[in-house]
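As stored in data05.txt (compact mmCIF, C-alpha atoms):
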```txt
# COMPACT_ATOMS: atom_id res chain seq x y z
CA ASN U 1 25.92 0.29 11.27
CA ARG U 2 23.84 0.72 14.42
CA ILE U 3 20.97 2.53 12.71
CA ASN U 4 20.23 -0.10 10.10
CA ASN U 5 20.67 -3.83 10.63
CA LYS U 6 21.50 -5.15 7.18
CA SER U 7 20.38 -8.59 6.02
CA SER U 8 21.50 -10.73 3.11
CA TYR U 9 19.09 -11.67 0.33
CA LEU U 10 18.71 -15.18 1.75
CA ASP U 11 17.94 -13.75 5.20
CA VAL U 12 15.15 -11.66 3.71
CA ILE U 13 13.63 -14.73 2.07
CA GLU U 14 13.86 -16.69 5.32
CA LYS U 15 11.93 -14.00 7.18
CA ASN U 16 8.74 -14.52 5.18
CA LEU U 17 5.73 -15.42 7.33
CA SER U 18 4.24 -18.89 7.22
CA GLY U 19 1.59 -20.82 9.08
CA ILE U 20 -1.88 -22.28 9.21
CA GLY U 21 -4.91 -21.23 11.20
CA PHE U 22 -8.64 -20.72 11.59
CA GLU U 23 -10.61 -17.50 11.98
CA ASN U 24 -14.26 -16.58 12.44
CA SER U 25 -16.11 -13.55 13.83
CA TRP U 26 -14.95 -14.04 17.42
CA ALA U 27 -11.86 -16.29 17.50
CA ILE U 28 -8.48 -16.77 15.82
CA LEU U 29 -6.36 -19.91 16.11
CA GLN U 30 -2.96 -19.89 14.42
CA ILE U 31 0.33 -21.77 14.43
CA GLY U 32 3.36 -20.90 12.35
CA LYS U 33 6.38 -18.63 12.00
CA GLY U 34 6.20 -14.87 12.30
CA ARG U 35 6.41 -12.03 14.79
CA GLU U 36 4.09 -10.11 17.09
CA SER U 37 3.68 -6.36 17.62
CA TRP U 38 2.08 -5.41 20.95
CA GLY U 39 1.26 -1.89 22.10
CA ALA U 40 -0.27 1.35 20.84
CA GLY U 41 0.97 3.63 18.07
CA ASN U 42 3.01 3.18 14.91
CA ASN U 43 6.77 2.62 15.31
CA ILE U 44 6.81 3.18 19.09
CA GLU U 45 6.55 -0.49 20.12
CA LEU U 46 8.54 -1.41 23.21
CA ALA U 47 8.66 -5.16 24.00
CA LEU U 48 7.46 -6.77 20.74
CA SER U 49 7.51 -5.31 17.23
CA ASN U 50 7.33 -6.32 13.59
CA ASN U 51 10.99 -5.36 13.19
CA SER U 52 12.25 -8.40 15.11
CA ASN U 53 13.56 -11.65 13.71
CA PRO U 54 10.77 -14.25 13.31
CA TYR U 55 10.04 -17.15 15.64
CA ASP U 56 7.75 -20.19 15.82
CA TYR U 57 4.65 -19.77 17.96
CA PHE U 58 1.05 -20.68 18.63
CA MET U 59 -1.58 -17.94 18.95
CA LEU U 60 -5.13 -17.90 20.29
CA ALA U 61 -7.24 -14.72 20.29
CA SER U 62 -10.91 -13.98 21.00
CA ASP U 63 -13.12 -10.95 20.39
CA TYR U 64 -16.06 -10.36 22.77
CA GLY U 65 -17.13 -6.95 21.52
CA LYS U 66 -15.63 -4.36 23.82
CA ILE U 67 -13.13 -6.85 25.24
CA ARG U 68 -10.49 -8.76 23.29
CA VAL U 69 -7.92 -11.24 24.60
CA LYS U 70 -4.79 -12.79 23.13
CA TYR U 71 -2.39 -15.58 24.11
CA VAL U 72 0.85 -16.57 22.35
CA HIS U 73 3.40 -19.24 23.25
CA GLY U 74 6.38 -20.14 21.16
CA PHE U 75 10.00 -21.22 20.71
CA LEU U 76 12.61 -18.54 20.05
CA GLU U 77 15.90 -20.37 19.53
CA SER U 78 18.53 -22.66 21.01
CA VAL U 79 21.82 -20.97 21.91
CA SER U 80 25.17 -22.20 23.24
CA GLU U 81 25.26 -25.30 25.46
CA ASN U 82 21.78 -26.38 24.30
CA ILE U 83 19.96 -23.61 26.15
CA ASN U 84 16.41 -23.42 24.80
CA ARG U 85 14.63 -20.06 24.79
CA TYR U 86 10.84 -19.56 24.74
CA ILE U 87 8.39 -16.66 24.56
CA LEU U 88 4.98 -16.30 26.18
CA GLY U 89 2.51 -13.42 25.96
CA LYS U 90 -0.92 -12.70 27.45
CA GLY U 91 -2.94 -9.58 26.77
CA ILE U 92 -6.39 -8.12 27.39
CA GLU U 93 -7.82 -5.09 25.61
CA TRP U 94 -10.86 -2.90 26.23
CA THR U 95 -12.37 -0.43 23.77
CA ASN U 96 -15.41 1.84 23.75
CA LYS U 97 -15.61 1.16 19.99
CA GLU U 98 -15.47 4.88 19.31
CA SER U 99 -12.30 6.65 20.37
CA LEU U 100 -10.46 4.82 23.13
CA ILE U 101 -8.51 1.57 23.58
CA PHE U 102 -6.76 0.37 26.75
CA SER U 103 -4.68 -2.79 26.99
CA LEU U 104 -2.70 -4.65 29.63
CA SER U 105 -0.20 -7.34 28.72
CA GLU U 106 2.38 -9.65 30.28
CA ILE U 107 5.25 -11.00 28.16
CA ILE U 108 7.70 -13.62 29.42
CA ILE U 109 10.99 -14.99 28.16
CA TYR U 110 12.09 -18.25 29.80
CA SER U 111 15.07 -20.47 29.11
CA GLY U 112 17.14 -23.38 30.39
CA LYS U 113 19.56 -26.09 29.34
CA ASN U 114 17.61 -28.72 27.35
CA ARG U 115 14.45 -27.15 28.83
CA PRO U 116 11.21 -28.35 27.23
CA LEU U 117 8.07 -26.26 26.77
CA ASP U 118 6.83 -25.39 30.26
CA ILE U 119 3.27 -26.64 30.84
CA GLY U 120 3.05 -24.38 33.88
CA TYR U 121 2.69 -21.47 31.47
CA LEU U 122 -0.07 -23.05 29.35
CA ASN U 123 -2.85 -21.55 31.47
CA PRO U 124 -3.71 -18.21 29.78
CA LEU U 125 -5.30 -16.87 32.99
CA SER U 126 -2.38 -17.33 35.39
CA SER U 127 0.34 -14.69 35.80
CA HIS U 128 4.10 -15.21 35.81
CA LEU U 129 4.40 -14.33 39.50
CA GLU U 130 1.60 -16.71 40.52
CA VAL U 131 3.13 -19.62 38.59
CA GLU U 132 6.65 -18.93 39.81
CA LEU U 133 5.83 -18.36 43.49
CA ASN U 134 3.74 -21.54 43.62
CA ASN U 135 6.60 -23.62 42.19
CA ARG U 136 4.66 -24.79 39.15
CA LEU U 137 7.51 -24.38 36.64
CA ASN U 138 9.67 -27.19 35.33
CA ILE U 139 12.68 -25.25 36.72
CA ASN U 140 11.69 -23.76 40.08
CA THR U 141 14.03 -20.82 40.50
CA GLY U 142 13.69 -17.16 39.58
CA MET U 143 16.83 -17.23 37.44
CA TYR U 144 15.22 -18.89 34.43
CA ALA U 145 12.32 -16.57 33.52
CA ASN U 146 11.94 -12.83 32.88
CA ALA U 147 8.57 -11.03 32.71
CA ILE U 148 7.58 -7.51 31.68
CA TRP U 149 4.19 -5.80 32.09
CA GLN U 150 2.89 -3.18 29.67
CA LEU U 151 -0.02 -0.74 29.79
CA SER U 152 -1.04 0.86 26.49
CA MET U 153 -3.55 3.49 25.41
CA ASP U 154 -4.75 4.65 22.00
CA TRP U 155 -7.03 7.70 22.12
CA ARG U 156 -8.60 9.60 19.28
CA ALA U 157 -9.02 12.87 21.19
CA THR U 158 -10.71 14.69 18.30
CA LYS U 159 -11.55 13.89 14.71
CA ASN U 160 -8.08 15.04 13.68
CA LEU U 161 -5.90 14.29 16.72
CA ARG U 162 -4.67 10.90 17.95
CA LEU U 163 -2.57 10.15 21.05
CA SER U 164 -0.85 6.80 21.62
CA ALA U 165 1.19 5.81 24.67
CA ASN U 166 2.89 2.77 26.23
CA LEU U 167 4.27 2.29 29.74
CA LEU U 168 6.35 -0.79 30.52
CA PHE U 169 7.91 -2.21 33.70
CA ASP U 170 10.57 -4.91 33.67
CA GLU U 171 11.19 -4.84 37.42
CA PHE U 172 9.52 -3.00 40.31
CA VAL U 173 11.54 -1.60 43.20
CA ILE U 174 9.20 -1.58 46.21
CA ASP U 175 11.50 -2.61 49.08
CA ASP U 176 12.72 0.36 51.18
CA ILE U 177 16.17 -1.18 51.62
CA GLU U 178 16.57 -1.53 47.83
CA LYS U 179 15.47 2.08 47.36
CA GLN U 180 17.97 3.26 49.96
CA ASN U 181 20.69 1.32 48.14
CA GLY U 182 19.87 3.27 44.97
CA LYS U 183 18.17 0.52 43.01
CA GLU U 184 15.96 1.75 40.13
CA HIS U 185 12.92 0.41 38.31
CA GLY U 186 13.42 -1.40 35.03
CA LYS U 187 11.07 0.67 32.89
CA ALA U 188 10.34 2.11 29.45
CA TYR U 189 7.76 4.39 27.90
CA SER U 190 6.81 5.78 24.51
CA THR U 191 4.27 8.25 23.16
CA ARG U 192 3.10 9.48 19.77
CA LEU U 193 0.94 12.46 18.79
CA ALA U 194 -0.49 12.56 15.26
CA TYR U 195 -2.53 15.29 13.56
CA THR U 196 -4.51 14.81 10.32
CA PRO U 197 -6.32 17.97 9.13
CA ASN U 198 -9.42 17.53 6.96
CA ILE U 199 -8.42 20.13 4.40
CA TYR U 200 -7.41 17.93 1.49
CA LYS U 201 -10.12 16.01 -0.35
CA ARG U 202 -7.78 14.09 -2.63
CA ALA U 203 -5.15 13.11 -0.08
CA ILE U 204 -4.53 12.30 3.58
CA ILE U 205 -1.62 14.13 5.19
CA THR U 206 -0.58 13.33 8.75
CA SER U 207 2.09 15.08 10.78
CA PHE U 208 3.43 13.35 13.89
CA ILE U 209 5.93 13.52 16.71
CA ASP U 210 6.96 10.61 18.92
CA TYR U 211 9.37 9.90 21.74
CA THR U 212 10.69 6.58 23.09
CA ASN U 213 12.68 6.09 26.31
CA VAL U 214 14.02 2.69 27.44
CA GLY U 215 15.90 2.43 30.75
CA THR U 216 19.43 1.14 31.20
CA PRO U 217 18.69 -2.34 32.68
CA THR U 218 15.33 -2.79 30.90
CA PHE U 219 14.93 -5.95 28.79
CA ARG U 220 17.97 -7.57 30.44
CA HIS U 221 17.85 -10.22 33.18
CA GLY U 222 20.16 -11.78 35.76
CA THR U 223 20.35 -14.71 33.32
CA GLY U 224 21.29 -13.32 29.90
CA THR U 225 19.39 -15.94 27.91
CA ASN U 226 16.17 -14.41 29.33
CA ASN U 227 16.91 -11.07 27.62
CA PHE U 228 14.28 -9.71 25.22
CA VAL U 229 16.20 -10.56 22.07
CA GLN U 230 15.86 -13.01 19.22
CA ARG U 231 18.76 -14.28 17.13
CA GLY U 232 21.02 -11.41 18.08
CA SER U 233 18.53 -8.54 17.70
CA PRO U 234 15.93 -6.87 19.94
CA LEU U 235 12.41 -8.31 20.06
CA GLY U 236 10.90 -4.85 20.49
CA TRP U 237 12.35 -1.36 20.09
CA ASN U 238 14.85 -1.78 17.26
CA GLU U 239 17.33 0.63 18.87
CA GLY U 240 17.65 -1.76 21.83
CA SER U 241 17.72 -0.20 25.31
CA ASP U 242 19.60 2.28 27.52
CA GLY U 243 18.57 5.22 25.38
CA HIS U 244 15.95 7.55 24.00
CA LYS U 245 14.83 8.77 20.58
CA LEU U 246 12.86 11.81 19.42
CA ARG U 247 11.34 11.82 15.95
CA PHE U 248 8.96 13.93 13.90
CA GLY U 249 7.67 13.55 10.35
CA ILE U 250 4.91 13.71 7.76
CA ASN U 251 2.99 10.93 5.98
CA TYR U 252 1.16 11.41 2.66
CA PHE U 253 -1.43 9.12 1.04
CA ASN U 254 -3.21 10.05 -2.21
CA ARG U 255 -6.20 7.82 -1.28
CA LYS U 256 -5.37 5.57 -4.21
CA ASN U 257 -1.93 4.07 -4.80
CA LEU U 258 0.86 6.33 -3.49
CA ILE U 259 2.33 6.57 0.03
CA ILE U 260 5.19 8.93 0.93
CA SER U 261 6.73 9.19 4.42
CA THR U 262 9.46 11.52 5.63
CA SER U 263 10.92 11.86 9.13
CA SER U 264 13.92 13.10 11.08
CA SER U 265 15.16 11.75 14.41
CA VAL U 266 17.73 12.20 17.15
CA LEU U 267 18.96 9.08 18.96
CA LYS U 268 21.13 8.68 22.06
CA THR U 269 22.07 5.31 23.59
CA GLY U 270 24.59 4.17 26.20
CA SER U 271 27.17 1.43 26.64
CA GLU U 272 24.65 -0.89 28.36
CA ASN U 273 22.51 -1.06 25.20
CA ILE U 274 21.23 -4.59 24.77
CA THR U 275 22.36 -4.56 21.13
CA GLU U 276 25.99 -4.47 22.32
CA ARG U 277 25.92 -7.54 24.63
CA VAL U 278 22.88 -9.44 23.45
CA TYR U 279 22.94 -12.50 25.74
CA GLU U 280 24.73 -11.02 28.74
CA PRO U 281 22.96 -10.12 32.02
CA TYR U 282 22.47 -6.59 33.29
CA LYS U 283 25.42 -4.99 35.06
CA ASP U 284 23.31 -3.94 38.07
CA TYR U 285 20.06 -2.15 38.94
CA ILE U 286 21.76 0.79 40.68
CA GLU U 287 20.48 4.12 39.36
CA GLY U 288 23.15 6.07 37.48
CA THR U 289 23.62 8.36 34.51
CA PHE U 290 21.26 7.80 31.62
CA PRO U 291 22.17 6.79 29.00
CA SER U 292 25.06 5.00 30.68
CA GLY U 293 28.79 5.11 29.99
CA ASN U 294 30.02 6.14 26.57
CA LEU U 295 27.27 7.74 24.50
CA TYR U 296 26.35 6.85 20.95
CA GLU U 297 24.56 9.71 19.17
CA ALA U 298 22.97 9.83 15.72
CA PHE U 299 20.87 12.22 13.67
CA SER U 300 18.97 10.90 10.64
CA LEU U 301 16.67 11.98 7.81
CA ASP U 302 14.48 9.31 6.20
CA ALA U 303 12.23 9.16 3.14
CA LYS U 304 10.06 6.26 1.97
CA LEU U 305 7.91 5.94 -1.14
CA GLN U 306 5.55 3.15 -2.18
CA TRP U 307 3.64 3.20 -5.47
CA TRP U 308 1.12 0.52 -6.49
CA ARG U 309 1.21 0.48 -10.29
CA LYS U 310 -1.36 -2.34 -10.35
CA PRO U 311 -3.15 -4.27 -7.58
CA ASN U 312 -0.40 -6.90 -7.77
CA ILE U 313 2.65 -4.74 -8.62
CA ALA U 314 4.27 -2.30 -6.20
CA TYR U 315 7.44 -0.24 -6.44
CA SER U 316 9.10 1.08 -3.30
CA THR U 317 12.17 3.06 -2.39
CA TYR U 318 13.83 4.05 0.87
CA ILE U 319 16.70 6.44 1.54
CA GLN U 320 18.29 7.54 4.80
CA PHE U 321 20.88 10.23 5.47
CA TYR U 322 22.54 10.13 8.86
CA ILE U 323 25.39 11.44 10.97
CA GLU U 324 26.57 9.19 13.79
CA ASP U 325 29.07 10.04 16.53
CA ASN U 326 30.13 13.21 14.67
CA ASN U 327 31.26 11.21 11.63
CA PRO U 328 30.77 12.58 8.09
CA LEU U 329 27.33 12.41 6.48
CA ARG U 330 26.44 8.93 5.20
CA PHE U 331 23.42 7.45 3.45
CA ASP U 332 21.67 4.15 2.75
CA TYR U 333 19.09 3.37 0.10
CA LEU U 334 16.89 0.52 -1.05
CA LEU U 335 14.92 -0.02 -4.27
CA SER U 336 12.46 -2.89 -4.62
CA LEU U 337 9.79 -4.35 -6.89
CA ASN U 338 7.06 -6.54 -5.40
CA TYR U 339 4.85 -8.81 -7.49
CA TYR U 340 1.87 -10.65 -6.00
CA PHE U 341 0.00 -13.60 -7.51
CA LEU U 342 -3.74 -13.01 -7.23
CA LYS U 343 -6.65 -15.34 -7.99
CA ASN U 344 -8.63 -12.58 -9.67
CA ASN U 345 -7.89 -12.71 -13.37
CA ASN U 346 -9.42 -9.29 -14.11
CA ILE U 347 -6.21 -7.38 -13.37
```

Would you put the structure from the file into structure tokens?
Amino acid sequence: NRINNKSSYLDVIEKNLSGIGFENSWAILQIGKGRESWGAGNNIELALSNNSNPYDYFMLASDYGKIRVKYVHGFLESVSENINRYILGKGIEWTNKESLIFSLSEIIIYSGKNRPLDIGYLNPLSSHLEVELNNRLNINTGMYANAIWQLSMDWRATKNLRLSANLLFDEFVIDDIEKQNGKEHGKAYSTRLAYTPNIYKRAIITSFIDYTNVGTPTFRHGTGTNNFVQRGSPLGWNEGSDGHKLRFGINYFNRKNLIISTSSSVLKTGSENITERVYEPYKDYIEGTFPSGNLYEAFSLDAKLQWWRKPNIAYSTYIQFYIEDNNPLRFDYLLSLNYYFLKNNNI
């Protein structure tokens, strides 16, 4: 179904992270297979999230106190007719080390038939527009790369209240002629408000509400292999695009070994959702109804529980009830046991 993307047991095994790297107090160097999550707030990621399929990439990050920077460059996949797809990300983050974090990032998908890794993108200081306009790519045309820019904020307004927000642009419409022709920005935004009262000494209880809105053409490109997808699924927001979702819920942690999360959500997406035509280009950038075309609507109730019986043994369960497109009530569930091998023998 469109709410949950099911995977086989072998797929789950294949998605395990792997790699090798080096880390000290101010730098991280890593190469391997995994996924990135960029932006502020839990479960409101837009362009990149931990829900995506994994990919091979190199990562370099540095911490200079109030300023942190990050650079990733990797290979996504090879699709029909030997078209190679790559991912590139650059981000800078500022924090006052007390209550506020701001970040600005640029993420690029580029592709081409038998295209090798593009050395024009190896410079972590240069932007996509600067490299492209100065013809420093191994394919010098605007049809083979797609960039998005994201601004994120994480603010702890009070001791109990936290606000997270992300604003993303896929394409800017600044030409007056394009505006007169009805062309719209390719944009997305998300926000989350969480409240944690200090009234329980033995547990932490957080209530939250969040909202995500992704525009109709956002994450698509004039060349479909530059779409923000990986192996048939979105790289970021797991619902895709051309839609919006409102959710509220409660998280419980007993400060020891038990986590319980419950939430309910309302989702609406349109016929231009990137999950429907993964590698196809956008239809157009003309502003229209949102979400577009035939609507898909779903209401869901979710509950998750994780209990650590020992430091190396964890039980978890997940259940979801949902109604989609006015169909009868349905549900999914998952039970799992996780065992970890630790070096400490005093378990």

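You can rank U:Trp38, U:Tyr144, U:Phe58, U:Trp26 by their closest distance to Trp237 (chain U) using only C-alpha atoms, and at the top of that list sits U:Trp38.
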
Inset, instruction - Show which residues sit within 7 Å of region 218-229 of chain U, as JSON, numbers by chain. Count all atoms listed in the file, and ignore same-chain residues fewer than 3 positions away. - result: {"U": [109, 110, 111, 143, 144, 145, 146, 170, 186, 187, 214, 215, 232, 233, 234, 235, 241, 278, 279, 280, 281, 282]}

Inset, instruction - Would you kindly return, as number ranges by chain, each protein, DNA or RNA residue with an atom no farther than 9 Å from any atom of region 264-275 of chain U, considering only C-alpha atoms and excluding same-chain residues fewer than 6 positions away? - result: U: 2, 216-220, 227-229, 232-234, 238-249, 282-283, 290-302

Inset, instruction - Counting all atoms listed in the file, figure out which residue out of U:Leu117, U:Ile259, U:Ile67, U:Ala157 gets nearest to Ile139 (chain U). - result: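 Among U:Leu117, U:Ile259, U:Ile67, U:Ala157, it is U:Leu117 that comes nearest to Ile139 (chain U).
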
Legend entry - Selected residue, from U:Lys66, U:His73, U:Lys113, U:Lys33, that lies nearest to Glu98 (chain U) when counting all atoms listed in the file: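 That would be U:Lys66, the residue with the smallest distance to Glu98 (chain U).
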
Inset, instruction - Considering all atoms listed in the file, state which residue in the set U:Leu337, U:Ala147, U:Leu305, U:Ala40 is at the smallest distance from Glu171 (chain U). - result: U:Ala147

Inset, instruction - List every protein, DNA or RNA residue that has an atom no more than 8 Å from (-2.8, -7.9, 27.7) in the file's coordinate frame, counting all atoms listed in the file, and report them as a list in words. - result: Val69, Lys70, Gly89, Lys90, Gly91, Ile92, Glu93, Ser103, Leu104, Ser105, Glu106, Gln150 and Leu151 of chain U

Residues of the last selection are to be written out with C-alpha atoms, as a compact mmCIF listing (two decimals), in the coordinates of the input.
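The resulting again-v3.txt:
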```txt
# COMPACT_ATOMS: atom_id res chain seq x y z
CA VAL U 69 -7.92 -11.24 24.60
CA LYS U 70 -4.79 -12.79 23.13
CA GLY U 89 2.51 -13.42 25.96
CA LYS U 90 -0.92 -12.70 27.45
CA GLY U 91 -2.94 -9.58 26.77
CA ILE U 92 -6.39 -8.12 27.39
CA GLU U 93 -7.82 -5.09 25.61
CA SER U 103 -4.68 -2.79 26.99
CA LEU U 104 -2.70 -4.65 29.63
CA SER U 105 -0.20 -7.34 28.72
CA GLU U 106 2.38 -9.65 30.28
CA GLN U 150 2.89 -3.18 29.67
CA LEU U 151 -0.02 -0.74 29.79
```

Inset, instruction - Please indicate the distance in Å from CA of Gly39 (chain U) to CA of Phe102 (chain U), rounded to one decimal place. - result: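 The value is 9.5 Å.
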
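Atom pair CA of Tyr322 (chain U) / CA of Thr212 (chain U) has a distance of 18.9 Å (rounded to one decimal).
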
Inset, instruction - Using CA of Arg192 (chain U) and CA of Asn160 (chain U) as the two end points, give the distance in Å to one decimal. - result: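 Atom-to-atom, CA of Arg192 (chain U) and CA of Asn160 (chain U) are spaced 13.9 Å apart.
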
Edge lengths and centre, in Å to one decimal, as AutoDock Vina command-line options: that's what I need for the box along x, y and z that holds all listed atoms of region 57-73 of chain U plus 5 Å on each side.
```
--center_x -6.2 --center_y -12.5 --center_z 21.6 --size_x 31.8 --size_y 26.3 --size_z 17.3
```

Inset, instruction - For each of U:Tyr189, U:Phe321, U:Tyr195, U:Phe169, take the minimum atom-to-atom distance to Arg156 (chain U), counting only C-alpha atoms, then give the residue where this is smallest. - result: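 With only C-alpha atoms as the atom set, the closest residue is U:Tyr195.
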